[in-house]
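> Sharing a structure below in structure tokens format, with a few things to ask.
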There are 2 protein chains.
Amino acid sequence: MNGLMMDVPLTITSIMQHAEKVNGDVEIVSVTGDNPRHRYTYRDAFRRTRQLANAIAGWGLASGDRIATLAWNDYRHFETYYASACSGYVCHTINPRLFPEQVAYIINHAEDQYVFLDPDFLPLVEGVAAECPGVKGWVILTTEERMPQTSLPNAICYESLVASGGETFVWPQLDENAACALCYTSGTTGNPKGVLYSHRSTMLHAYATMMPDALGLSSRDVVLPIVPMFHVNAWGNPYACPMAGAKIVFPGSKMGDGATLAALINEEGVTLSAGVPTVWLGLLAHLKQSGERVESLQRIIVGGAACPLSVMEDFDRYGVESRVGWGMTEMSPLGSVNASTASREEVGEEKFAKLRLKAGRPIFGVEMKIVDDEGGEQPWDGVAFGSLKVRGPWVCSSYFKLDGSDAHAEEGWFETGDVATIDPDGYMAITDRTKDVIKSGGEWISSIDVENVATDHPKVAEAAVIGHFHPKWSERPLLVVVRNADGEDLTAEEMLAWFDGKIAKWWTPEAVEFVEELPHTATGKLQKVALREKFKDYAFPQ
Amino acid sequence: MNGLMMDVPLTITSIMQHAEKVNGDVEIVSVTGDNPRHRYTYRDAFRRTRQLANAIAGWGLASGDRIATLAWNDYRHFETYYASACSGYVCHTINPRLFPEQVAYIINHAEDQYVFLDPDFLPLVEGVAAECPGVKGWVILTTEERMPQTSLPNAICYESLVASGGETFVWPQLDENAACALCYTSGTTGNPKGVLYSHRSTMLHAYATMMPDALGLSSRDVVLPIVPMFHVNAWGNPYACPMAGAKIVFPGSKMGDGATLAALINEEGVTLSAGVPTVWLGLLAHLKQSGERVESLQRIIVGGAACPLSVMEDFDRYGVESRVGWGMTEMSPLGSVNASTASREEVGEEKFAKLRLKAGRPIFGVEMKIVDDEGGEQPWDGVAFGSLKVRGPWVCSSYFKLDGSDAHAEEGWFETGDVATIDPDGYMAITDRTKDVIKSGGEWISSIDVENVATDHPKVAEAAVIGHFHPKWSERPLLVVVRNADGEDLTAEEMLAWFDGKIAKWWTPEAVEFVEELPHTATGKLQKVALREKFKDYAFPQ
């Protein structure tokens, strides 16, 4: 027997309509290429969104067609999000940091009909346009006066496009399972894979991020989303902010510019911000150098990579609460947030520092489990670790146009590719990548934990641990070390002795090899695949 | 084209499972008839819930069958909520304050299979059991030792029932639209009508109440739900608390006992509470008399009836933020919360006082509109008023087994029966009931606004305004006054002169009649129906 409740679909159209009526006067401030402080209100934003929807309705696209963006965080990108998705199309955000051939690949794979781009990305796009014959038009996010010279066929001025549309638009009634957004993962191996979000998943994710133990957005907040709108929908901020009635401050292309970020925070009264550790290092460096403070800022969410403790401690000194968040493109992205339930006073400084660096507790809506090689669930004791699997209404079920993709070795659960522990209070900590964990005699060794001990040695510049074939234990850890300037005399014996008492005896590396440098990706990540290749013929000493 | 996101249904089963894994150690404290401070954890609660589910599985009920409760807020009632709903049955909460004949009516109308009751309600239930032949068993919420003597056929001891069930239970996979709970409105006219909540509506409502501008529950909160679990699921607290990992303090039968409430707040560190104005008056009276304080308490939600300003100002002095909430049984119940976006400092004391008494801004998920007699939407200017209509995924579409019910004069919108204004910032204020508003020459007059001016007169004890036939204006306001001890000499002329400059000239009552007393319901509400009946032959002076 069903309940007798209204059948109202969960669509982001309703976010737009709510914000316009209830939070119409709330501001959106943007840094753009043509204006260092563009400001208007949600009411203005959604009036222009209707104009844009009217204009693109004339393009004759079919429901579900993809409209791509290559753009910074600003109001025009925001309008494009809503105009495309609420018209029944899919807003495909492209990461401009990808290699040009990847950009061309995903435009073609997604079958993008139109591409909206910031003038900054014109050189990139001009370079790939010839390889993207399916694109019917290229919309430049600027005014008629500032339209650049371009070799692009069918270049369209965004502001002229908006101006051409009437202010009245009847939004279509959409199914809540309809796709609304598409984002490709920037995987290190193989082609990028597309994650196709639905209206329902986006809205439930936005509700979840609003919870006080997640981002905790309210109408009193002023939010600076430094996490890009071209990657996983800026962690849902463009949906959660209008839902809450929070003022938005979009940093445009100045996401890595500490001085601009500090100015935005102080001039606009920013209370909450979200970004990757690199962004925070930039902001902190600027604050230290300038002597400025960030009085209005109450809390930041740090995600995308492991957060150094020093970043959190620096923010402590500025009176800003920092929370670690964890997620993936495949998870919309939020899976866990570390809004610590324990206080420094209760648990002591050392335990507190360890706890706050963990990935946090699963937010309601995301189920987690950790399993061993046989799929057996591991206990939540903070010690046992296993492959992390997740499920929930905003977790992807398969990749776009990749029906045979192996994301789901187990039906109904998504393999994160991470190895994690979970403690009795639900705090999850990533200990390794599944492909990097070392399987020694049926037990798992975390390569990251061993590396952390190694790099603490005063003579070590960098260290990597890989699993390597061993005739008895099947795999044993091989430590590969780059000595630092003081470390010319560092020997294998001295290095291995360093582990005594610091980790379990059987976790101690089987051997040490010294090298001049370790292989890295373009973005600075250690390439363990290349390292394993380099040592593939290595044999442990008998 | 649909998104490629997991099809995970929104069920309250997932709340239970999340809380057990992530918040297992969090406490639930209860005042019960057999223990002034029962305490255990979510882990204990859901283990016992599985035992209960196993036990009732043996009853052979069909999916969707109703299990009723007549119980105070405590842990046994909490277990019954989850065991029944997550097993696929419907938890039908009965309000023990209804007249016995109404209780019998709704047990029969709902076709309740089993009834769980607190020993306190045994006399009530024994009085109606003979009229409820469909009930197969009466479960007394107590231990074997404390089982009362009873004339009830098939009386079952709750604790023995729980003990009979194994601790392992595989919860069924439920459709998110399946019914989970049933609550009858206590309408003043006609029989009570049943509102049938679904898993989906309950979960979305719980998400919405978690938002910082609603209840804003977090894992740091300790929640005292004084609003009864026998009425609209205690405003969703029994779902939102485990979702957030908040500690719950259930007051049992002591909901109206200021001393017990103060003791619970101070002993358990309560941070957040929700209740009707009467409850707060009781708590405040106790605090004033005892000199106690409520240091841990951060905020309260006041709903169910208009909140006197004095209550909010008293709580200001205790350092407690008070928020008005508004809703209805038909709305799960929450529709709006007044988490004021304006501060006293910004807008001044007088405007702030007026603003904070309003019903608040619609929470995201509830759409509102105000319409005139022809269904024309009225502006959100804070002045124009109209019939308030709402829609959303937790608003009822029709009443249980009342397909022809007239709740939806307009397709897709629920008629609240209230008349309201909404200001440009979205603050809604109830100005009258639809049936009480006076329609004078095509314009509407709020009976409540006129009554408020009248009762401000120093010689008036109580006042009521009703619309009464007028040959020219179709209706005009008739003021009916009870003079107070100082008011024996109050004349109609003096009374009418009092309105000069206080309200619009044409809102001033057409005439005044003095009476010894006004008709009230058992719960103290003014009965305007009876008043209109009394004056039906009245004629305004020419």
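By convention here, the chains of the structure tokens are called A, B, ... in the order presented, each chain's residues are numbered starting at 1, and ligands are numbered starting at 1 in the order presented.
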Counting only C-alpha atoms, a student should be able to say which residues of chain B come within 6 Å of chain A; what is the right answer, written as a PyMOL selection string?
chain B and resi 1-6+8+22+64+177-179+196-198+210-213+218+392-398+425-426
> Write a file of the just-selected residues containing N, CA and C atoms, as a PDB file, in the first residue's frame.

```
ATOM      1  N   MET B   1      16.385  10.982 -21.517  1.00  0.00           N
ATOM      2  CA  MET B   1      17.523  10.160 -21.084  1.00  0.00           C
ATOM      3  C   MET B   1      17.685  10.247 -19.563  1.00  0.00           C
ATOM      4  N   ASN B   2      17.726   9.104 -18.929  1.00  0.00           N
ATOM      5  CA  ASN B   2      17.889   9.092 -17.481  1.00  0.00           C
ATOM      6  C   ASN B   2      19.362   9.188 -17.073  1.00  0.00           C
ATOM      7  N   GLY B   3      19.581   9.724 -15.874  1.00  0.00           N
ATOM      8  CA  GLY B   3      20.918   9.720 -15.312  1.00  0.00           C
ATOM      9  C   GLY B   3      21.342   8.281 -15.005  1.00  0.00           C
ATOM     10  N   LEU B   4      22.615   8.101 -14.753  1.00  0.00           N
ATOM     11  CA  LEU B   4      23.125   6.753 -14.443  1.00  0.00           C
ATOM     12  C   LEU B   4      23.553   6.717 -12.981  1.00  0.00           C
ATOM     13  N   MET B   5      22.551   6.874 -12.131  1.00  0.00           N
ATOM     14  CA  MET B   5      22.785   6.881 -10.693  1.00  0.00           C
ATOM     15  C   MET B   5      22.077   5.680 -10.080  1.00  0.00           C
ATOM     16  N   MET B   6      22.582   5.211  -8.949  1.00  0.00           N
ATOM     17  CA  MET B   6      21.993   4.029  -8.318  1.00  0.00           C
ATOM     18  C   MET B   6      20.531   4.262  -7.947  1.00  0.00           C
ATOM     19  N   VAL B   8      18.506   3.684  -5.416  1.00  0.00           N
ATOM     20  CA  VAL B   8      18.417   3.339  -3.996  1.00  0.00           C
ATOM     21  C   VAL B   8      17.178   4.028  -3.429  1.00  0.00           C
ATOM     22  N   VAL B  22      26.862   4.145  12.267  1.00  0.00           N
ATOM     23  CA  VAL B  22      27.668   5.364  12.401  1.00  0.00           C
ATOM     24  C   VAL B  22      27.496   6.027  13.759  1.00  0.00           C
ATOM     25  N   GLY B  64       1.516  -3.473   4.573  1.00  0.00           N
ATOM     26  CA  GLY B  64       0.586  -2.337   4.569  1.00  0.00           C
ATOM     27  C   GLY B  64      -0.428  -2.367   5.703  1.00  0.00           C
ATOM     28  N   ASN B 177       7.695   4.578  -2.093  1.00  0.00           N
ATOM     29  CA  ASN B 177       6.352   5.155  -1.986  1.00  0.00           C
ATOM     30  C   ASN B 177       5.434   4.378  -1.046  1.00  0.00           C
ATOM     31  N   ALA B 178       5.937   3.282  -0.497  1.00  0.00           N
ATOM     32  CA  ALA B 178       5.126   2.503   0.432  1.00  0.00           C
ATOM     33  C   ALA B 178       4.767   3.343   1.657  1.00  0.00           C
ATOM     34  N   ALA B 179       3.588   3.113   2.180  1.00  0.00           N
ATOM     35  CA  ALA B 179       3.145   3.826   3.378  1.00  0.00           C
ATOM     36  C   ALA B 179       3.964   3.378   4.584  1.00  0.00           C
ATOM     37  N   LEU B 196      -1.703   9.595   5.386  1.00  0.00           N
ATOM     38  CA  LEU B 196      -0.886   8.394   5.226  1.00  0.00           C
ATOM     39  C   LEU B 196       0.483   8.781   4.634  1.00  0.00           C
ATOM     40  N   TYR B 197       1.494   8.761   5.491  1.00  0.00           N
ATOM     41  CA  TYR B 197       2.840   9.155   5.068  1.00  0.00           C
ATOM     42  C   TYR B 197       3.545   7.997   4.376  1.00  0.00           C
ATOM     43  N   SER B 198       4.430   8.315   3.447  1.00  0.00           N
ATOM     44  CA  SER B 198       5.229   7.279   2.785  1.00  0.00           C
ATOM     45  C   SER B 198       6.660   7.315   3.316  1.00  0.00           C
ATOM     46  N   MET B 210      16.606  18.891   8.793  1.00  0.00           N
ATOM     47  CA  MET B 210      18.005  18.956   9.211  1.00  0.00           C
ATOM     48  C   MET B 210      18.685  20.265   8.806  1.00  0.00           C
ATOM     49  N   MET B 211      18.122  20.969   7.849  1.00  0.00           N
ATOM     50  CA  MET B 211      18.781  22.172   7.335  1.00  0.00           C
ATOM     51  C   MET B 211      18.949  23.205   8.451  1.00  0.00           C
ATOM     52  N   PRO B 212      20.079  23.921   8.423  1.00  0.00           N
ATOM     53  CA  PRO B 212      20.345  24.891   9.493  1.00  0.00           C
ATOM     54  C   PRO B 212      19.232  25.926   9.679  1.00  0.00           C
ATOM     55  N   ASP B 213      18.526  26.268   8.608  1.00  0.00           N
ATOM     56  CA  ASP B 213      17.438  27.229   8.756  1.00  0.00           C
ATOM     57  C   ASP B 213      16.129  26.582   9.186  1.00  0.00           C
ATOM     58  N   SER B 218      22.458  18.380  14.406  1.00  0.00           N
ATOM     59  CA  SER B 218      23.781  17.813  14.138  1.00  0.00           C
ATOM     60  C   SER B 218      24.107  16.754  15.172  1.00  0.00           C
ATOM     61  N   GLY B 392       4.204  19.897  -2.311  1.00  0.00           N
ATOM     62  CA  GLY B 392       5.544  19.388  -2.050  1.00  0.00           C
ATOM     63  C   GLY B 392       5.510  17.903  -1.799  1.00  0.00           C
ATOM     64  N   PRO B 393       6.681  17.265  -1.809  1.00  0.00           N
ATOM     65  CA  PRO B 393       6.720  15.798  -1.711  1.00  0.00           C
ATOM     66  C   PRO B 393       6.337  15.248  -0.338  1.00  0.00           C
ATOM     67  N   TRP B 394       6.155  16.122   0.665  1.00  0.00           N
ATOM     68  CA  TRP B 394       5.657  15.608   1.957  1.00  0.00           C
ATOM     69  C   TRP B 394       4.321  16.257   2.338  1.00  0.00           C
ATOM     70  N   VAL B 395       3.564  16.657   1.295  1.00  0.00           N
ATOM     71  CA  VAL B 395       2.219  17.189   1.514  1.00  0.00           C
ATOM     72  C   VAL B 395       1.221  16.138   1.031  1.00  0.00           C
ATOM     73  N   CYS B 396       0.132  15.950   1.797  1.00  0.00           N
ATOM     74  CA  CYS B 396      -0.781  14.859   1.462  1.00  0.00           C
ATOM     75  C   CYS B 396      -1.549  15.137   0.186  1.00  0.00           C
ATOM     76  N   SER B 397      -1.830  14.074  -0.550  1.00  0.00           N
ATOM     77  CA  SER B 397      -2.566  14.213  -1.811  1.00  0.00           C
ATOM     78  C   SER B 397      -4.051  13.918  -1.596  1.00  0.00           C
ATOM     79  N   SER B 398      -4.359  13.015  -0.673  1.00  0.00           N
ATOM     80  CA  SER B 398      -5.761  12.801  -0.291  1.00  0.00           C
ATOM     81  C   SER B 398      -5.756  12.060   1.037  1.00  0.00           C
ATOM     82  N   ASP B 425      10.542  38.900   1.365  1.00  0.00           N
ATOM     83  CA  ASP B 425      11.620  37.987   1.756  1.00  0.00           C
ATOM     84  C   ASP B 425      11.118  36.571   2.011  1.00  0.00           C
ATOM     85  N   GLY B 426       9.817  36.348   1.754  1.00  0.00           N
ATOM     86  CA  GLY B 426       9.289  34.996   1.895  1.00  0.00           C
ATOM     87  C   GLY B 426       8.737  34.680   3.274  1.00  0.00           C
TER      88      GLY B 426
END
```
> With distances taken over only C-alpha atoms, which residue among B:Ile67, B:Gly166, B:Gln149, B:Asn338 lies nearest Glu111 in chain B?
B:Ile67
> Could you pull the residues within 8 Å of range 463-479 of chain A, counting only C-alpha atoms, minus those fewer than 3 positions along the same chain, as number ranges by chain?
A: 436-442, 447-448, 450-451, 454-455, 460, 482, 507-513, 518, 528, 531-532, 536, 539-540
> Using DSSP on the backbone coordinates, identify all residues within range 261-392 of chain A classified as helix (DSSP H, G or I); present the result as a count of residues only.
47
> So, counting only C-alpha atoms, which residue among A:Pro308, A:Pro172, A:Gly127, A:Pro153 is closest to Val139 in chain A?
A:Pro153
> Report, in Å to a single decimal, how far apart CA of Glu443 in chain A and CA of Phe514 in chain A are.
26.3 Å
> Among range 121-270 of chain B, which ones does DSSP assign to strand (DSSP E) (computed from the backbone)? Answer as a list in words.
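After running DSSP on the backbone, range 121-270 of chain B has strand (DSSP E) at Gly137, Trp138, Val139, Ile140, Ala155, Ile156, Cys157, Ala179, Cys180, Ala181, Leu182, Cys183, Tyr184, Gly194, Val195, Leu196, Tyr197, Ser198, Val222, Val223, Leu224, Pro225, Lys247, Ile248, Val249 and Phe250 of chain B.
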> Quick one: residues within 8 Å of Thr32 in chain B, only C-alpha atoms, excluding same-chain residues fewer than 5 positions away - as a ChimeraX atom specification?
/B:37-38,74,251-253
> Any chance you could export the current selection's N, CA and C atoms as a JSON list (two decimals), in the first residue's frame?

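As written to disk, again34.json reads:
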```json
[["chain", "number", "residue", "atom", "x", "y", "z"],
["B", 37, "ARG", "N", 14.60, 7.34, 34.41],
["B", 37, "ARG", "CA", 15.66, 7.65, 33.46],
["B", 37, "ARG", "C", 16.17, 6.36, 32.82],
["B", 38, "HIS", "N", 15.42, 5.83, 31.89],
["B", 38, "HIS", "CA", 15.92, 4.68, 31.13],
["B", 38, "HIS", "C", 16.95, 5.19, 30.12],
["B", 74, "ASP", "N", 8.77, 7.74, 24.26],
["B", 74, "ASP", "CA", 9.84, 7.01, 24.94],
["B", 74, "ASP", "C", 10.45, 5.97, 24.01],
["B", 251, "PRO", "N", 10.68, 12.68, 27.00],
["B", 251, "PRO", "CA", 10.12, 13.04, 28.31],
["B", 251, "PRO", "C", 8.98, 12.16, 28.80],
["B", 252, "GLY", "N", 8.58, 11.14, 28.02],
["B", 252, "GLY", "CA", 7.50, 10.28, 28.49],
["B", 252, "GLY", "C", 6.23, 11.07, 28.76],
["B", 253, "SER", "N", 5.60, 10.76, 29.88],
["B", 253, "SER", "CA", 4.34, 11.44, 30.20],
["B", 253, "SER", "C", 4.56, 12.80, 30.83]]
```
> Which residues come within 6 Å of Val223 in chain B, counting only C-alpha atoms, excluding same-chain residues fewer than 6 positions away, as a list in words?
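The residues that qualify are Ile248, Val249, Val270, Leu272 and Ser273 of chain B.
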> Could you please determine the separation between CA of Val294 in chain A and CA of Ser343 in chain A in Å, to one decimal place?
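Taking CA of Val294 in chain A as the start and CA of Ser343 in chain A as the end point, the length is 23.2 Å.
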> For Ile300 in chain B, which of B:Ala353, B:Val529, B:Asn233, B:Pro225 is the closest residue, counting only C-alpha atoms?
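Comparing B:Ala353, B:Val529, B:Asn233, B:Pro225 against Ile300 in chain B, the winner is B:Pro225.
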> Go through A:Ala263, A:Met147, A:Ala62, A:Ile106 and flag the residue nearest Val31 in chain A, using only C-alpha atoms for the distances.
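Under the stated criterion, the closest residue is A:Ala263.
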> Just give me the gap between CA of Glu345 in chain B and CA of Thr41 in chain A in Å, one decimal is fine.
23.8 Å
> Pick from A:Phe499, A:Phe250, A:Phe169, A:Tyr318: nearest to Leu297 in chain A, with only C-alpha atoms counted?
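Once distances to Leu297 in chain A are computed over only C-alpha atoms, the minimum belongs to A:Tyr318.
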> Using only C-alpha atoms, find the one residue out of B:Val279, B:Leu287, B:Ala110, B:Val125 that sits nearest to Asn266 in chain B.
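Under the stated criterion, the closest residue is B:Leu287.
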